[in-house]
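Only one structure is covered here, and it is reproduced in the block below.
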Amino acid sequence: MTRASLRRPGFAAALIHRLSGIALALFLPMHFIALGTALQGADRLESFLGLTQNGFVRTAEWGLVCALAVHMALGLRVLAIEWLRYRERTALVVSGCLATAFAIGLLFLLGGA
Amino acid sequence: MTAAVEPGATAALQVRIRRGEAVAAFTVPRRANQTVLDVVTEIQRDQDPTLAYRFACRVGMCGSCGMTVNGRPRWTCRTRVAAVAPDGDLLLEPLRNLPVVKDLAVDMEPFFEKWRRAHGYFEPGENPPDDFAVVQPDSAERREVDAGIECINCGVCYAACDLVTWNPDYLGPAALNRAWTLVNDVRDRDRDGRLAAVAGDAGCHSCHSHMSCTEHCPKGLSPTFAIAGLKRETGKAALRRLWKRG
């Protein structure tokens with residue numbers, strides 16, 4: 001049966017938008033927990049931040065920046081279609097969104113992450 | 001004059017047709033300018049008269065010959081075999097998202113029922129004017145209508161839509177596209193009722209902008225953008241209601 005739509009850029013855009021949104025939603029509680037440690041003093045926050053100085057967390061941080069950027073770019077695409085009457089060339093626009101997101105991720109890395 | 005078969009093409013087509021749970025195989029001679037509908041017709045006339053399918057006009061006007069061709073919904077009367085099966089292999093299945101009556105014929109009733117649920121019919125009101133309405137061809141409303149009015153109800157967009165698969169109550173691209181043309185029809189008197197009909201859980205706001213309808217529409221229409229228009233208008237209508245209530 002029809003499976004071709006799964007390979008379409010519009011479907012890929014919706015899938016990536018949703019998955020990046022879930023990733024951000026999972027991150028937010030952890031972010032607030034980290035900030036909450038500051039309420040118990042600077043030492044507590046510093047010791048918690050010390051735990052994040054390993055390769056896995058740094059890679060996850062890069063992934064998070066990419067997820068945030070791609071979620072924002074694809075969200076702006078949807079808003080442009082729905083509210084600005086933008087008639088897009090889907091493959092081109094979705095590719096642009098993904099490229100922008102990875103460029104932001106690259107800048108994050110080059111910025112001494 | 002008979003045109004030649006494309007150079008390098010295979011002499012015969014290997015055609016598989018889904019018939020319920022089973023898939024039947026046929027071999028059909030390749031012919032010049034052959035359409036997928038020609039292939040199905042040849043099989044039914046020469047090899048298996050029990051094969052069920054549907055067609056009427058054969059020229060892309062009636063919208064009754066929609067099928068899934070090699071995994072993609074298409075109008076078969078205007079689909080050349082050479083364009084979709086260069087290696088000579090064809091897999092034909094009924095349209096997705098619709099109940100199968102038999103073989104390649106699907107029941108279109110749910111599709112048209114959703115047109116009714118989306119108020120996809122012109123409503124002249126209690127007291128329609130006696131004279132003709134003047135609609136300027138270059139007015140914004142008329143241009144919006146022009147963009148979606150050529151729909152032939154073939155069901156290809158409906159079969160391509162992932163949202164219909166996930167939520168069988170979803171009105172679907174064709175019904176919402178029709179509703180959008182009527183929202184922009186300055187003669188119509190059911191604008192508020194129509195916007196309310198398409199604003200529900202199974203209405204325009206369920207669209208994820210996958211663009212499958214727009215990419216598969218054989219008439220080159222863009223139901224995605226019609227649905228975006230409905231999202232804007234239903235959003236504005238909701239804000240107006242809030243303003244009045246406040």
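Ordered as shown in the structure tokens, chains take letters A, B, and onward, while each chain numbers its residues from 1 and ligands are numbered from 1 in the order shown.
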Quiz item: Excluding same-chain residues fewer than 6 positions from range 43-52 of chain A, what lies within 12 Å of it counting only C-alpha atoms, as a list in words?
Solution: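 After dropping sequence-adjacent residues, the list is Met30, His31, Phe32, Ile33, Ala34, Leu35, Gly36, Thr37, Arg58, Thr59, Ala60, Glu61 and Ala113 of chain A.
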Practice problem: Could you pull out the residues in range 33-225 of chain B that DSSP calls strand (DSSP E or B) from the backbone, as a ChimeraX atom specification? | Solution: /B:35,66-69,72-75,80,89-93,100-102,105-106
Residues from last step as file, C-alpha atoms, as a PDB file, in the first residue's frame:
ATOM      1  CA  THR B  35      -1.793   4.155 -19.667  1.00  0.00           C
ATOM      2  CA  GLY B  66      -7.899   6.365  -8.799  1.00  0.00           C
ATOM      3  CA  MET B  67      -5.685   3.447  -7.773  1.00  0.00           C
ATOM      4  CA  THR B  68      -2.429   2.871  -5.963  1.00  0.00           C
ATOM      5  CA  VAL B  69       0.264   2.366  -8.590  1.00  0.00           C
ATOM      6  CA  ARG B  72       1.659   5.816  -4.922  1.00  0.00           C
ATOM      7  CA  PRO B  73      -1.957   6.967  -5.387  1.00  0.00           C
ATOM      8  CA  ARG B  74      -2.624   8.169  -8.943  1.00  0.00           C
ATOM      9  CA  TRP B  75      -5.326   8.800 -11.558  1.00  0.00           C
ATOM     10  CA  ARG B  80       1.565   6.539 -18.631  1.00  0.00           C
ATOM     11  CA  ASP B  89       6.799  -4.052 -13.244  1.00  0.00           C
ATOM     12  CA  LEU B  90       3.439  -2.763 -12.058  1.00  0.00           C
ATOM     13  CA  LEU B  91       1.829  -3.335  -8.669  1.00  0.00           C
ATOM     14  CA  LEU B  92      -1.774  -2.114  -8.640  1.00  0.00           C
ATOM     15  CA  GLU B  93      -3.751  -1.805  -5.406  1.00  0.00           C
ATOM     16  CA  VAL B 100     -12.519  -1.978  -0.644  1.00  0.00           C
ATOM     17  CA  VAL B 101     -15.624  -3.128  -2.495  1.00  0.00           C
ATOM     18  CA  LYS B 102     -13.751  -5.615  -4.688  1.00  0.00           C
ATOM     19  CA  ALA B 105     -12.837  -0.653  -6.643  1.00  0.00           C
ATOM     20  CA  VAL B 106     -13.234   1.232  -3.358  1.00  0.00           C
TER      21      VAL B 106
END
Quiz prompt | Which of range 65-205 of chain B DSSP labels alpha helix (DSSP H), written as a ChimeraX atom specification | solution = /B:81-84,109-117,140-148,156-160,162-166,173-183,191-198
Quiz item: Pick from B:Lys231, B:Pro173, B:Pro124, B:Ala237: nearest to Leu79 in chain A, with only C-alpha atoms counted?
Solution: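 Residue with the minimum atom-to-atom distance to Leu79 in chain A: B:Lys231.
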Quiz item: Would you list which chain B residues are within 12 Å of chain A using only C-alpha atoms, as a PyMOL selection string?
Solution: chain B and resi 17-18+67-74+91-98+144+147+156-163+165+204-205+207-216+221-236
Quiz item: If you count only C-alpha atoms, which residues fall within 9 Å of range 25-28 of chain B, apart from same-chain ones fewer than 3 positions away, as an MDAnalysis selection string?
Solution: chainID B and resid 11:18 39 42:43 47
Quiz item: So how far away is CA of Val70 in chain A from CA of Ile22 in chain A, in Å?
Solution: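 Distance between the two atoms: 12.4 Å.
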Quiz prompt | Nearest residue to Leu64 in chain A from the set A:Ala91, A:Cys97, A:Leu39, A:Leu109 (distances using only C-alpha atoms) | solution =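 Going through A:Ala91, A:Cys97, A:Leu39, A:Leu109 one by one, the smallest distance to Leu64 in chain A is for A:Leu109.
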Quiz item: Could you work out how far CA of Trp180 in chain B lies from CA of Gly120 in chain B, giving the answer in Å with one decimal?
Solution: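 Spanning CA of Gly120 in chain B to CA of Trp180 in chain B is a straight-line distance of 8.8 Å.
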